[in-house]
$ cat protein_15.cif   # mmCIF, C-alpha atoms
data_run
#
loop_
_atom_site.label_atom_id
_atom_site.label_comp_id
_atom_site.auth_asym_id
_atom_site.auth_seq_id
_atom_site.Cartn_x
_atom_site.Cartn_y
_atom_site.Cartn_z
CA MET N 1 16.83 -44.67 -51.01
CA GLY N 2 14.05 -42.03 -51.26
CA HIS N 3 12.06 -44.05 -48.74
CA LEU N 4 14.99 -43.99 -46.29
CA ARG N 5 15.36 -40.21 -46.65
CA ARG N 6 11.66 -39.74 -45.95
CA SER N 7 11.87 -41.99 -42.88
CA ALA N 8 14.89 -40.10 -41.54
CA THR N 9 13.08 -36.80 -42.05
CA ALA N 10 10.01 -38.13 -40.26
CA LEU N 11 12.10 -39.34 -37.31
CA ALA N 12 13.90 -36.01 -37.04
CA THR N 13 10.59 -34.16 -37.09
CA ALA N 14 9.18 -36.43 -34.39
CA ALA N 15 12.25 -35.89 -32.25
CA LEU N 16 11.86 -32.13 -32.48
CA ILE N 17 8.21 -32.36 -31.51
CA ALA N 18 9.12 -34.48 -28.48
CA VAL N 19 11.45 -31.80 -27.08
CA PRO N 20 9.63 -29.36 -24.71
CA ALA N 21 9.08 -26.07 -26.48
CA ILE N 22 11.07 -23.08 -25.29
CA SER N 23 9.61 -19.70 -26.09
CA SER N 24 11.63 -17.39 -28.29
CA ALA N 25 11.77 -14.95 -25.36
CA GLU N 26 13.32 -17.56 -23.10
CA ALA N 27 15.70 -18.75 -25.80
CA ALA N 28 16.95 -15.18 -26.17
CA ALA N 29 17.17 -14.69 -22.38
CA LEU N 30 14.72 -12.46 -20.56
CA LYS N 31 15.92 -9.11 -19.28
CA TRP N 32 13.76 -7.85 -16.44
CA ASP N 33 13.80 -4.77 -14.20
CA MET N 34 12.83 -4.84 -10.52
CA ALA N 35 12.04 -1.67 -8.55
CA SER N 36 12.52 -1.14 -4.81
CA PRO N 37 12.06 2.12 -2.89
CA TYR N 38 14.59 1.09 -0.23
CA PRO N 39 18.36 1.67 0.00
CA ALA N 40 20.69 -0.86 -1.64
CA SER N 41 22.28 -1.70 1.71
CA ASN N 42 18.95 -2.63 3.31
CA TYR N 43 18.43 -6.31 4.13
CA HIS N 44 15.37 -6.47 1.88
CA ASN N 45 17.56 -5.57 -1.09
CA GLN N 46 20.27 -7.95 0.07
CA ASN N 47 17.61 -10.65 -0.01
CA HIS N 48 16.43 -9.55 -3.47
CA ARG N 49 19.96 -9.81 -4.85
CA MET N 50 20.23 -13.40 -3.60
CA PHE N 51 16.83 -14.19 -5.14
CA ILE N 52 17.96 -12.68 -8.44
CA GLU N 53 21.20 -14.67 -8.45
CA GLU N 54 19.38 -17.93 -7.68
CA VAL N 55 16.94 -17.35 -10.54
CA LYS N 56 19.74 -16.47 -12.95
CA THR N 57 21.75 -19.55 -11.96
CA ALA N 58 18.81 -21.95 -12.09
CA THR N 59 17.73 -20.66 -15.52
CA LYS N 60 21.36 -20.66 -16.75
CA GLY N 61 21.08 -16.97 -17.51
CA GLY N 62 17.65 -17.33 -19.08
CA ILE N 63 16.17 -14.77 -16.67
CA ASP N 64 18.41 -11.82 -15.91
CA ILE N 65 16.91 -9.34 -13.42
CA THR N 66 18.32 -5.88 -12.75
CA LEU N 67 17.49 -4.48 -9.31
CA HIS N 68 16.87 -0.72 -9.05
CA SER N 69 16.94 0.27 -5.37
CA GLY N 70 16.45 3.54 -3.51
CA SER N 71 13.57 4.74 -5.72
CA SER N 72 16.11 5.13 -8.52
CA LEU N 73 13.68 3.86 -11.16
CA TYR N 74 10.25 4.59 -9.68
CA LYS N 75 9.11 6.10 -6.40
CA LEU N 76 6.99 3.91 -4.14
CA PRO N 77 3.53 5.17 -5.30
CA GLN N 78 4.48 4.49 -8.95
CA ILE N 79 5.80 0.94 -8.62
CA ARG N 80 2.55 -1.02 -8.73
CA LYS N 81 1.33 0.72 -11.88
CA ALA N 82 4.70 0.22 -13.55
CA VAL N 83 4.46 -3.53 -12.92
CA GLN N 84 0.77 -3.74 -13.87
CA THR N 85 1.37 -2.02 -17.20
CA GLY N 86 4.44 -4.13 -18.00
CA GLN N 87 6.95 -1.30 -17.85
CA ILE N 88 8.88 -3.48 -15.41
CA ALA N 89 8.44 -7.12 -14.46
CA ILE N 90 8.85 -7.06 -10.68
CA GLY N 91 8.21 -4.54 -7.92
CA GLU N 92 8.33 -4.24 -4.16
CA GLN N 93 6.43 -2.07 -1.76
CA LEU N 94 5.04 -1.90 1.73
CA ALA N 95 1.79 -3.86 1.69
CA ALA N 96 -0.02 -1.22 3.74
CA THR N 97 0.46 1.35 0.97
CA LEU N 98 -2.01 -0.73 -1.06
CA GLU N 99 -4.75 -0.54 1.57
CA ASN N 100 -6.85 1.84 -0.52
CA GLN N 101 -7.11 -1.01 -3.05
CA ALA N 102 -8.26 -3.55 -0.44
CA PRO N 103 -8.33 -3.38 3.38
CA ILE N 104 -6.47 -6.68 3.80
CA PHE N 105 -3.21 -4.98 2.72
CA GLY N 106 -3.28 -2.88 5.89
CA ILE N 107 -3.76 -5.71 8.35
CA ASP N 108 -0.11 -5.94 9.39
CA SER N 109 0.06 -2.20 10.08
CA LEU N 110 -2.61 -2.16 12.75
CA PRO N 111 -0.76 -0.90 15.84
CA PHE N 112 -0.20 -3.46 18.57
CA LEU N 113 -2.21 -6.23 16.93
CA ALA N 114 0.92 -8.28 16.12
CA ASN N 115 3.70 -6.55 18.02
CA ASP N 116 6.36 -9.25 18.13
CA VAL N 117 7.99 -11.61 15.62
CA ASP N 118 5.94 -14.71 16.44
CA LYS N 119 2.66 -12.83 16.18
CA ALA N 120 3.80 -11.18 12.95
CA ARG N 121 4.63 -14.57 11.39
CA LEU N 122 1.22 -15.90 12.38
CA LEU N 123 -0.62 -12.89 10.97
CA THR N 124 1.35 -13.03 7.71
CA GLY N 125 0.49 -16.71 7.25
CA LEU N 126 -3.20 -16.17 7.97
CA ALA N 127 -3.44 -13.22 5.58
CA ALA N 128 -1.40 -14.69 2.70
CA GLY N 129 -4.32 -16.24 0.80
CA ALA N 130 -6.40 -13.06 0.86
CA ILE N 131 -3.44 -10.93 -0.19
CA LYS N 132 -2.68 -13.23 -3.13
CA LYS N 133 -6.32 -13.01 -4.20
CA GLU N 134 -6.32 -9.20 -4.15
CA LEU N 135 -3.04 -8.94 -6.05
CA ASP N 136 -4.40 -11.34 -8.64
CA LYS N 137 -7.32 -8.97 -9.24
CA SER N 138 -4.73 -6.36 -10.24
CA ASP N 139 -2.96 -8.79 -12.59
CA LEU N 140 -0.10 -9.26 -10.14
CA VAL N 141 1.47 -12.45 -8.81
CA LEU N 142 2.72 -12.48 -5.22
CA LEU N 143 6.28 -13.82 -5.10
CA TYR N 144 7.23 -13.36 -1.45
CA ALA N 145 6.58 -11.23 1.62
CA VAL N 146 9.10 -10.26 4.28
CA ALA N 147 8.45 -8.21 7.42
CA TRP N 148 10.23 -5.21 8.80
CA PRO N 149 11.38 -5.22 12.42
CA GLY N 150 8.94 -3.71 14.89
CA GLN N 151 8.16 -0.08 14.15
CA SER N 152 9.41 2.26 16.85
CA LEU N 153 9.45 5.98 17.53
CA PHE N 154 12.19 8.46 16.56
CA THR N 155 11.92 12.05 17.83
CA ARG N 156 13.92 15.19 18.43
CA LYS N 157 12.43 15.82 21.87
CA PRO N 158 11.79 13.45 24.80
CA ILE N 159 8.44 11.66 24.84
CA ALA N 160 6.99 10.42 28.13
CA SER N 161 3.45 9.60 26.97
CA VAL N 162 1.29 9.77 23.87
CA ASP N 163 0.15 13.22 25.01
CA ASP N 164 3.63 14.53 24.13
CA LEU N 165 2.99 13.67 20.47
CA LYS N 166 0.06 16.09 20.15
CA GLY N 167 0.69 18.73 17.52
CA LEU N 168 3.89 17.13 16.24
CA LYS N 169 4.23 16.61 12.49
CA LEU N 170 4.35 12.82 12.24
CA ARG N 171 5.47 11.03 9.09
CA VAL N 172 2.86 8.59 7.72
CA GLN N 173 2.85 6.32 4.67
CA ALA N 174 -0.41 4.36 4.81
CA PRO N 175 -4.04 4.80 5.95
CA ALA N 176 -3.36 3.03 9.25
CA SER N 177 -0.46 5.29 10.21
CA ALA N 178 -2.50 8.33 9.13
CA ARG N 179 -5.32 7.24 11.45
CA LEU N 180 -2.80 6.66 14.24
CA ALA N 181 -1.52 10.23 13.81
CA GLU N 182 -5.10 11.51 13.93
CA LEU N 183 -5.86 9.67 17.18
CA LEU N 184 -2.59 10.87 18.70
CA GLY N 185 -3.48 14.46 17.83
CA SER N 186 -0.39 14.67 15.60
CA VAL N 187 -0.23 16.26 12.17
CA PRO N 188 0.07 13.50 9.51
CA VAL N 189 2.60 14.17 6.75
CA ARG N 190 3.05 11.64 3.95
CA VAL N 191 6.71 11.12 3.05
CA ASP N 192 8.31 8.41 0.92
CA PRO N 193 11.09 6.35 2.54
CA ALA N 194 13.91 7.91 0.52
CA ASP N 195 12.76 11.43 1.47
CA VAL N 196 12.58 11.04 5.27
CA PRO N 197 16.07 12.45 6.06
CA GLN N 198 15.42 15.64 4.10
CA ALA N 199 11.91 15.98 5.53
CA MET N 200 13.26 15.76 9.09
CA THR N 201 16.18 18.09 8.39
CA THR N 202 13.93 20.77 6.88
CA GLY N 203 11.23 20.45 9.55
CA ILE N 204 8.55 19.06 7.22
CA VAL N 205 8.40 16.15 9.68
CA GLU N 206 9.22 16.26 13.41
CA ALA N 207 8.85 12.59 14.36
CA PHE N 208 8.44 9.25 12.64
CA MET N 209 7.89 5.60 13.35
CA THR N 210 10.01 3.07 11.53
CA SER N 211 12.16 0.01 12.07
CA PRO N 212 15.68 0.15 13.50
CA SER N 213 16.79 -0.96 10.02
CA SER N 214 15.43 2.13 8.30
CA GLY N 215 16.41 4.33 11.22
CA TYR N 216 20.00 3.25 10.72
CA ASP N 217 19.87 3.39 6.90
CA TRP N 218 18.54 6.95 7.08
CA LYS N 219 21.30 8.01 9.55
CA SER N 220 18.59 9.18 11.92
CA TRP N 221 21.14 10.41 14.47
CA ASP N 222 21.82 13.36 12.17
CA TYR N 223 18.36 14.82 12.82
CA THR N 224 16.84 12.98 15.82
CA THR N 225 17.91 12.43 19.41
CA TYR N 226 15.59 9.81 20.91
CA TYR N 227 14.64 6.24 20.03
CA TYR N 228 11.69 4.60 21.82
CA GLU N 229 11.28 0.90 21.12
CA VAL N 230 7.55 0.28 21.12
CA SER N 231 7.46 -2.35 18.32
CA ALA N 232 4.03 -1.07 17.40
CA TRP N 233 3.65 -3.32 14.36
CA GLN N 234 5.72 -5.34 11.91
CA PRO N 235 4.58 -4.38 8.42
CA GLN N 236 5.59 -6.54 5.50
CA ASN N 237 6.92 -5.72 2.07
CA VAL N 238 5.30 -7.62 -0.77
CA VAL N 239 7.29 -8.54 -3.86
CA TYR N 240 5.10 -9.13 -6.89
CA MET N 241 5.38 -9.47 -10.65
CA ASN N 242 3.29 -8.87 -13.74
CA LYS N 243 0.86 -11.79 -14.10
CA SER N 244 0.98 -11.84 -17.91
CA VAL N 245 4.76 -12.04 -17.85
CA PHE N 246 4.62 -14.89 -15.35
CA LYS N 247 1.95 -16.80 -17.31
CA LYS N 248 3.98 -16.63 -20.52
CA LEU N 249 6.89 -18.44 -18.91
CA SER N 250 7.41 -22.15 -19.41
CA PRO N 251 6.32 -24.38 -16.50
CA GLU N 252 10.01 -24.95 -15.75
CA TYR N 253 10.72 -21.24 -15.41
CA GLN N 254 7.57 -20.68 -13.36
CA ALA N 255 8.69 -23.42 -10.97
CA ILE N 256 12.17 -21.90 -10.67
CA LEU N 257 10.73 -18.48 -9.80
CA THR N 258 8.28 -19.94 -7.30
CA ASP N 259 10.97 -22.02 -5.61
CA ALA N 260 13.42 -19.10 -5.40
CA ALA N 261 10.65 -16.88 -4.02
CA ALA N 262 9.79 -19.40 -1.29
CA LYS N 263 13.45 -19.48 -0.25
CA ALA N 264 13.60 -15.68 -0.29
CA GLN N 265 10.65 -15.45 2.07
CA VAL N 266 12.22 -17.80 4.63
CA ARG N 267 15.63 -16.17 4.27
CA GLY N 268 14.17 -12.66 4.49
CA TRP N 269 12.59 -13.29 7.88
CA TYR N 270 15.88 -14.71 9.15
CA LEU N 271 17.75 -11.65 7.87
CA MET N 272 15.21 -9.46 9.61
CA ASP N 273 15.85 -11.18 12.95
CA GLU N 274 19.59 -10.67 12.57
CA GLU N 275 19.09 -7.12 11.39
CA VAL N 276 17.32 -6.09 14.58
CA LYS N 277 20.22 -7.13 16.79
CA VAL N 278 22.85 -5.33 14.75
CA LYS N 279 21.02 -2.13 13.81
CA ARG N 280 19.49 -1.57 17.24
CA ALA N 281 22.93 -1.75 18.86
CA LYS N 282 24.40 0.68 16.31
CA LEU N 283 21.53 3.12 16.72
CA CYS N 284 21.92 3.16 20.46
CA GLU N 285 25.57 4.15 20.15
CA LYS N 286 24.36 7.44 18.65
CA LEU N 287 20.86 8.01 20.06
CA LYS N 288 19.29 8.09 23.52
CA CYS N 289 17.45 4.77 23.54
CA GLU N 290 14.62 3.55 25.72
CA ILE N 291 14.30 -0.23 25.29
CA PRO N 292 11.58 -1.06 25.93
CA ALA N 293 9.74 2.23 26.00
CA SER N 294 8.16 3.36 29.26
CA GLY N 295 4.99 1.65 30.42
CA LYS N 296 3.03 4.89 30.25
CA LEU N 297 3.91 5.45 26.60
CA VAL N 298 3.19 1.85 25.64
CA GLU N 299 -0.08 1.88 27.57
CA GLY N 300 -1.28 4.86 25.56
CA PHE N 301 -0.31 3.22 22.28
CA LEU N 302 -2.04 -0.05 23.29
CA LYS N 303 -5.28 1.77 23.99
CA ILE N 304 -5.21 3.52 20.62
CA GLY N 305 -4.21 0.29 18.85
CA LYS N 306 -7.17 -1.61 20.28
CA GLN N 307 -9.50 1.17 19.11
CA MET N 308 -7.98 1.15 15.62
CA THR N 309 -8.26 -2.62 15.21
CA ASP N 310 -11.88 -2.66 16.37
CA GLU N 311 -12.75 0.21 14.01
CA TRP N 312 -11.00 -1.51 11.13
CA VAL N 313 -12.70 -4.86 11.66
CA GLU N 314 -16.14 -3.24 11.91
CA LYS N 315 -15.57 -1.17 8.77
CA THR N 316 -14.02 -3.79 6.52
CA GLY N 317 -15.57 -7.17 7.22
CA GLY N 318 -14.94 -9.88 4.61
CA ASP N 319 -11.50 -11.48 4.38
CA ALA N 320 -9.97 -8.84 6.65
CA LYS N 321 -12.39 -9.59 9.48
CA SER N 322 -11.93 -13.34 9.03
CA VAL N 323 -8.15 -13.02 9.36
CA VAL N 324 -8.34 -10.85 12.50
CA ASP N 325 -10.91 -13.19 14.05
CA ALA N 326 -8.68 -16.20 13.32
CA PHE N 327 -5.63 -14.39 14.67
CA ARG N 328 -7.38 -13.41 17.90
CA ALA N 329 -8.72 -16.94 18.31
CA VAL N 330 -5.21 -18.40 18.07
CA GLN N 331 -3.91 -15.83 20.55
CA ALA N 332 -6.70 -16.60 23.01
CA ALA N 333 -6.10 -20.34 22.67
CA THR N 334 -2.36 -19.87 23.22
CA LYS N 335 -2.96 -17.87 26.40
CA ALA N 336 -5.45 -20.44 27.66
CA TYR N 337 -2.99 -23.23 27.02
#
$ encode --input "protein_15.cif" --output "structure tokens"
Amino acid sequence: MGHLRRSATALATAALIAVPAISSAEAAALKWDMASPYPASNYHNQNHRMFIEEVKTATKGGIDITLHSGSSLYKLPQIRKAVQTGQIAIGEQLAATLENQAPIFGIDSLPFLANDVDKARLLTGLAAGAIKKELDKSDLVLLYAVAWPGQSLFTRKPIASVDDLKGLKLRVQAPASARLAELLGSVPVRVDPADVPQAMTTGIVEAFMTSPSSGYDWKSWDYTTYYYEVSAWQPQNVVYMNKSVFKKLSPEYQAILTDAAAKAQVRGWYLMDEEVKVKRAKLCEKLKCEIPASGKLVEGFLKIGKQMTDEWVEKTGGDAKSVVDAFRAVQAATKAY
């Protein structure tokens, strides 16, 4: 009888060992915070909410993420540090705002390098490996990246050419847009997304470039009159998480997050395409729109954009230069074909 008890105990122990281990954190359900500087109604946050729900469903509630939009938890400049230090698990920000960390983050904000959706998709794909590598150096894991619609110009006064932007206080948010303001002869003023309406209303800023999505979200018709669609660039938001938090997850949970992130990236670009159609039409019910902007205005922007890209490539080299070279090679081959 004692022998049978010992055998049963041994079998039970073996059975327990055979079951994949679940960390105590996972068993208790993980509660994560995610910070976004953009309004809750924005399509990026709509996409995040679907990502969060998919993760929660696939993990059967094992990962429960709370989204904090509109800079309600951290303002944009604080998000990366909050994720790096483990104060929150996931964050989102415009990739170009990380350019001071590594030049590659600013590649999609070079004016008129990739100024339509197809070019933006190509550039994002070519730059993805280098961006992942740089985020990894900061102990961050790239989850997904989704572009904004083409950045266009919102002003109070009519603009016929780039000369009309001289002396205007232009909102900037990254090194590339600051350099653009400098070359335009504008006065660069750094303003976070959530603060643009107040900055325009109080005269801190007199003009800004953003997507029709943000222009609509910010109710730009309350403080601007003109919309010029120049689609200067299509910057992307990167969504990343703390690498240590990710590494501590079971392989199953890591796979669920990775799969949900891949779906979010595809879905986000689709939402962006749909967003342009809807928000542009709504904006033009309230603003004086020029779609596309006049040839003279675009010509001036193209000239400055070419100068900026050439400067950037010469200055940065490395991965950034390789990506631009590859992008230009594909564009040249496409035209030749």
$ closest_residue --input "protein_15.cif" --among "N:Glu290, N:Asp195, N:Asp310, N:Glu229" --to "Leu76 (chain N)" --atoms "all atoms listed in the file"
N:Asp195
$ residues_around --input "protein_15.cif" --residues "Thr309 (chain N)" --least-positions-apart "2" --cutoff "8 Å" --atoms "only C-alpha atoms" --output "list in words"
Leu110, Pro111, Leu113, Gly305, Lys306, Gln307, Glu311, Trp312 and Val313 of chain N
$ write_last_selection --input "protein_15.cif" --atoms "C-alpha atoms" --output "CSV table (one decimal), in the coordinates of the input"
chain,number,residue,atom,x,y,z
N,110,LEU,CA,-2.6,-2.2,12.8
N,111,PRO,CA,-0.8,-0.9,15.8
N,113,LEU,CA,-2.2,-6.2,16.9
N,305,GLY,CA,-4.2,0.3,18.8
N,306,LYS,CA,-7.2,-1.6,20.3
N,307,GLN,CA,-9.5,1.2,19.1
N,311,GLU,CA,-12.8,0.2,14.0
N,312,TRP,CA,-11.0,-1.5,11.1
N,313,VAL,CA,-12.7,-4.9,11.7
$ residues_near_point --input "protein_15.cif" --point "(19.4, 3.3, 11.2)" --cutoff "10 Å" --atoms "all atoms listed in the file" --output "ChimeraX atom specification"
/N:42,210-221,278-284,286
$ closest_residue --input "protein_15.cif" --among "N:Leu183, N:Leu170, N:Ala178, N:Ala262" --to "Val205 (chain N)" --atoms "all atoms listed in the file"
N:Leu170
$ residues_around --input "protein_15.cif" --residues "Val189 (chain N)" --least-positions-apart "5" --cutoff "12 Å" --atoms "only C-alpha atoms" --output "MDAnalysis selection string"
chainID N and resid 167:175 177:182 195:196 199:200 203:208
$ write_last_selection --input "protein_15.cif" --atoms "C-alpha atoms" --output "PDB file, keeping the file's coordinate frame"
ATOM      1  CA  GLY N 167       0.690  18.730  17.520  1.00  0.00           C
ATOM      2  CA  LEU N 168       3.890  17.130  16.240  1.00  0.00           C
ATOM      3  CA  LYS N 169       4.230  16.610  12.490  1.00  0.00           C
ATOM      4  CA  LEU N 170       4.350  12.820  12.240  1.00  0.00           C
ATOM      5  CA  ARG N 171       5.470  11.030   9.090  1.00  0.00           C
ATOM      6  CA  VAL N 172       2.860   8.590   7.720  1.00  0.00           C
ATOM      7  CA  GLN N 173       2.850   6.320   4.670  1.00  0.00           C
ATOM      8  CA  ALA N 174      -0.410   4.360   4.810  1.00  0.00           C
ATOM      9  CA  PRO N 175      -4.040   4.800   5.950  1.00  0.00           C
ATOM     10  CA  SER N 177      -0.460   5.290  10.210  1.00  0.00           C
ATOM     11  CA  ALA N 178      -2.500   8.330   9.130  1.00  0.00           C
ATOM     12  CA  ARG N 179      -5.320   7.240  11.450  1.00  0.00           C
ATOM     13  CA  LEU N 180      -2.800   6.660  14.240  1.00  0.00           C
ATOM     14  CA  ALA N 181      -1.520  10.230  13.810  1.00  0.00           C
ATOM     15  CA  GLU N 182      -5.100  11.510  13.930  1.00  0.00           C
ATOM     16  CA  ASP N 195      12.760  11.430   1.470  1.00  0.00           C
ATOM     17  CA  VAL N 196      12.580  11.040   5.270  1.00  0.00           C
ATOM     18  CA  ALA N 199      11.910  15.980   5.530  1.00  0.00           C
ATOM     19  CA  MET N 200      13.260  15.760   9.090  1.00  0.00           C
ATOM     20  CA  GLY N 203      11.230  20.450   9.550  1.00  0.00           C
ATOM     21  CA  ILE N 204       8.550  19.060   7.220  1.00  0.00           C
ATOM     22  CA  VAL N 205       8.400  16.150   9.680  1.00  0.00           C
ATOM     23  CA  GLU N 206       9.220  16.260  13.410  1.00  0.00           C
ATOM     24  CA  ALA N 207       8.850  12.590  14.360  1.00  0.00           C
ATOM     25  CA  PHE N 208       8.440   9.250  12.640  1.00  0.00           C
TER      26      PHE N 208
END
$ residues_around --input "protein_15.cif" --residues "Lys133 (chain N)" --least-positions-apart "3" --cutoff "12 Å" --atoms "only C-alpha atoms" --output "number ranges by chain"
N: 102, 104-105, 127-130, 136-142, 319
$ closest_residue --input "protein_15.cif" --among "N:Phe301, N:Tyr226, N:Phe246, N:Tyr43" --to "Asn115 (chain N)" --atoms "all atoms listed in the file"
N:Phe301
$ atom_distance --input "protein_15.cif" --atom1 "CA of Lys75 (chain N)" --atom2 "CA of Ala232 (chain N)"
25.4 Å
$ atom_distance --input "protein_15.cif" --atom1 "CA of Tyr74 (chain N)" --atom2 "CA of Ile131 (chain N)"
22.8 Å
$ resolve_selection --input "protein_15.cif" --expression "the PyMOL selection byres ((chain N and resi 82) around 12)" --output "PDB file with C-alpha atoms, in the frame of the given file"
ATOM      1  CA  ASP N  33      13.800  -4.770 -14.200  1.00  0.00           C
ATOM      2  CA  MET N  34      12.830  -4.840 -10.520  1.00  0.00           C
ATOM      3  CA  ALA N  35      12.040  -1.670  -8.550  1.00  0.00           C
ATOM      4  CA  SER N  36      12.520  -1.140  -4.810  1.00  0.00           C
ATOM      5  CA  LEU N  73      13.680   3.860 -11.160  1.00  0.00           C
ATOM      6  CA  TYR N  74      10.250   4.590  -9.680  1.00  0.00           C
ATOM      7  CA  LYS N  75       9.110   6.100  -6.400  1.00  0.00           C
ATOM      8  CA  LEU N  76       6.990   3.910  -4.140  1.00  0.00           C
ATOM      9  CA  PRO N  77       3.530   5.170  -5.300  1.00  0.00           C
ATOM     10  CA  GLN N  78       4.480   4.490  -8.950  1.00  0.00           C
ATOM     11  CA  ILE N  79       5.800   0.940  -8.620  1.00  0.00           C
ATOM     12  CA  ARG N  80       2.550  -1.020  -8.730  1.00  0.00           C
ATOM     13  CA  LYS N  81       1.330   0.720 -11.880  1.00  0.00           C
ATOM     14  CA  VAL N  83       4.460  -3.530 -12.920  1.00  0.00           C
ATOM     15  CA  GLN N  84       0.770  -3.740 -13.870  1.00  0.00           C
ATOM     16  CA  THR N  85       1.370  -2.020 -17.200  1.00  0.00           C
ATOM     17  CA  GLY N  86       4.440  -4.130 -18.000  1.00  0.00           C
ATOM     18  CA  GLN N  87       6.950  -1.300 -17.850  1.00  0.00           C
ATOM     19  CA  ILE N  88       8.880  -3.480 -15.410  1.00  0.00           C
ATOM     20  CA  ALA N  89       8.440  -7.120 -14.460  1.00  0.00           C
ATOM     21  CA  ILE N  90       8.850  -7.060 -10.680  1.00  0.00           C
ATOM     22  CA  GLY N  91       8.210  -4.540  -7.920  1.00  0.00           C
ATOM     23  CA  GLU N  92       8.330  -4.240  -4.160  1.00  0.00           C
ATOM     24  CA  SER N 138      -4.730  -6.360 -10.240  1.00  0.00           C
ATOM     25  CA  ASP N 139      -2.960  -8.790 -12.590  1.00  0.00           C
ATOM     26  CA  LEU N 140      -0.100  -9.260 -10.140  1.00  0.00           C
ATOM     27  CA  TYR N 240       5.100  -9.130  -6.890  1.00  0.00           C
ATOM     28  CA  MET N 241       5.380  -9.470 -10.650  1.00  0.00           C
ATOM     29  CA  ASN N 242       3.290  -8.870 -13.740  1.00  0.00           C
TER      30      ASN N 242
END
$ atom_distance --input "protein_15.cif" --atom1 "CA of Leu123 (chain N)" --atom2 "CA of Val323 (chain N)"
7.7 Å
$ closest_residue --input "protein_15.cif" --among "N:Ala28, N:Leu126, N:Leu153, N:Ile52" --to "Val230 (chain N)" --atoms "all atoms listed in the file"
N:Leu153
$ closest_residue --input "protein_15.cif" --among "N:Gln265, N:Gln234, N:Ser71, N:Ser250" --to "Asp192 (chain N)" --atoms "all atoms listed in the file"
N:Ser71
$ build_atoms --input "protein_15.cif" --residues "region 179-193 of chain N" --atoms "N, CA and C atoms" --output "PDB file, in the frame of the given file"
ATOM      1  N   ARG N 179      -4.296   7.296  10.398  1.00  0.00           N
ATOM      2  CA  ARG N 179      -5.320   7.240  11.450  1.00  0.00           C
ATOM      3  C   ARG N 179      -4.667   7.282  12.834  1.00  0.00           C
ATOM      4  N   LEU N 180      -3.524   6.623  12.978  1.00  0.00           N
ATOM      5  CA  LEU N 180      -2.800   6.660  14.240  1.00  0.00           C
ATOM      6  C   LEU N 180      -2.415   8.108  14.575  1.00  0.00           C
ATOM      7  N   ALA N 181      -1.897   8.831  13.594  1.00  0.00           N
ATOM      8  CA  ALA N 181      -1.520  10.230  13.810  1.00  0.00           C
ATOM      9  C   ALA N 181      -2.740  11.058  14.243  1.00  0.00           C
ATOM     10  N   GLU N 182      -3.871  10.786  13.601  1.00  0.00           N
ATOM     11  CA  GLU N 182      -5.100  11.510  13.930  1.00  0.00           C
ATOM     12  C   GLU N 182      -5.504  11.266  15.389  1.00  0.00           C
ATOM     13  N   LEU N 183      -5.467  10.007  15.821  1.00  0.00           N
ATOM     14  CA  LEU N 183      -5.860   9.670  17.180  1.00  0.00           C
ATOM     15  C   LEU N 183      -4.861  10.182  18.212  1.00  0.00           C
ATOM     16  N   LEU N 184      -3.615  10.323  17.813  1.00  0.00           N
ATOM     17  CA  LEU N 184      -2.590  10.870  18.700  1.00  0.00           C
ATOM     18  C   LEU N 184      -2.689  12.395  18.812  1.00  0.00           C
ATOM     19  N   GLY N 185      -3.423  13.008  17.877  1.00  0.00           N
ATOM     20  CA  GLY N 185      -3.480  14.460  17.830  1.00  0.00           C
ATOM     21  C   GLY N 185      -2.278  15.053  17.128  1.00  0.00           C
ATOM     22  N   SER N 186      -1.535  14.209  16.372  1.00  0.00           N
ATOM     23  CA  SER N 186      -0.390  14.670  15.600  1.00  0.00           C
ATOM     24  C   SER N 186      -0.848  15.169  14.233  1.00  0.00           C
ATOM     25  N   VAL N 187       0.063  15.789  13.520  1.00  0.00           N
ATOM     26  CA  VAL N 187      -0.230  16.260  12.170  1.00  0.00           C
ATOM     27  C   VAL N 187       0.366  15.252  11.184  1.00  0.00           C
ATOM     28  N   PRO N 188      -0.468  14.510  10.435  1.00  0.00           N
ATOM     29  CA  PRO N 188       0.070  13.500   9.510  1.00  0.00           C
ATOM     30  C   PRO N 188       0.695  14.126   8.272  1.00  0.00           C
ATOM     31  N   VAL N 189       1.907  13.683   7.940  1.00  0.00           N
ATOM     32  CA  VAL N 189       2.600  14.170   6.750  1.00  0.00           C
ATOM     33  C   VAL N 189       3.105  12.959   5.975  1.00  0.00           C
ATOM     34  N   ARG N 190       2.632  12.787   4.752  1.00  0.00           N
ATOM     35  CA  ARG N 190       3.050  11.640   3.950  1.00  0.00           C
ATOM     36  C   ARG N 190       4.413  11.904   3.325  1.00  0.00           C
ATOM     37  N   VAL N 191       5.352  10.987   3.564  1.00  0.00           N
ATOM     38  CA  VAL N 191       6.710  11.120   3.050  1.00  0.00           C
ATOM     39  C   VAL N 191       7.206   9.752   2.614  1.00  0.00           C
ATOM     40  N   ASP N 192       7.748   9.668   1.400  1.00  0.00           N
ATOM     41  CA  ASP N 192       8.310   8.410   0.920  1.00  0.00           C
ATOM     42  C   ASP N 192       9.572   8.061   1.700  1.00  0.00           C
ATOM     43  N   PRO N 193       9.919   6.769   1.759  1.00  0.00           N
ATOM     44  CA  PRO N 193      11.090   6.350   2.540  1.00  0.00           C
ATOM     45  C   PRO N 193      12.367   7.120   2.217  1.00  0.00           C
TER      46      PRO N 193
END
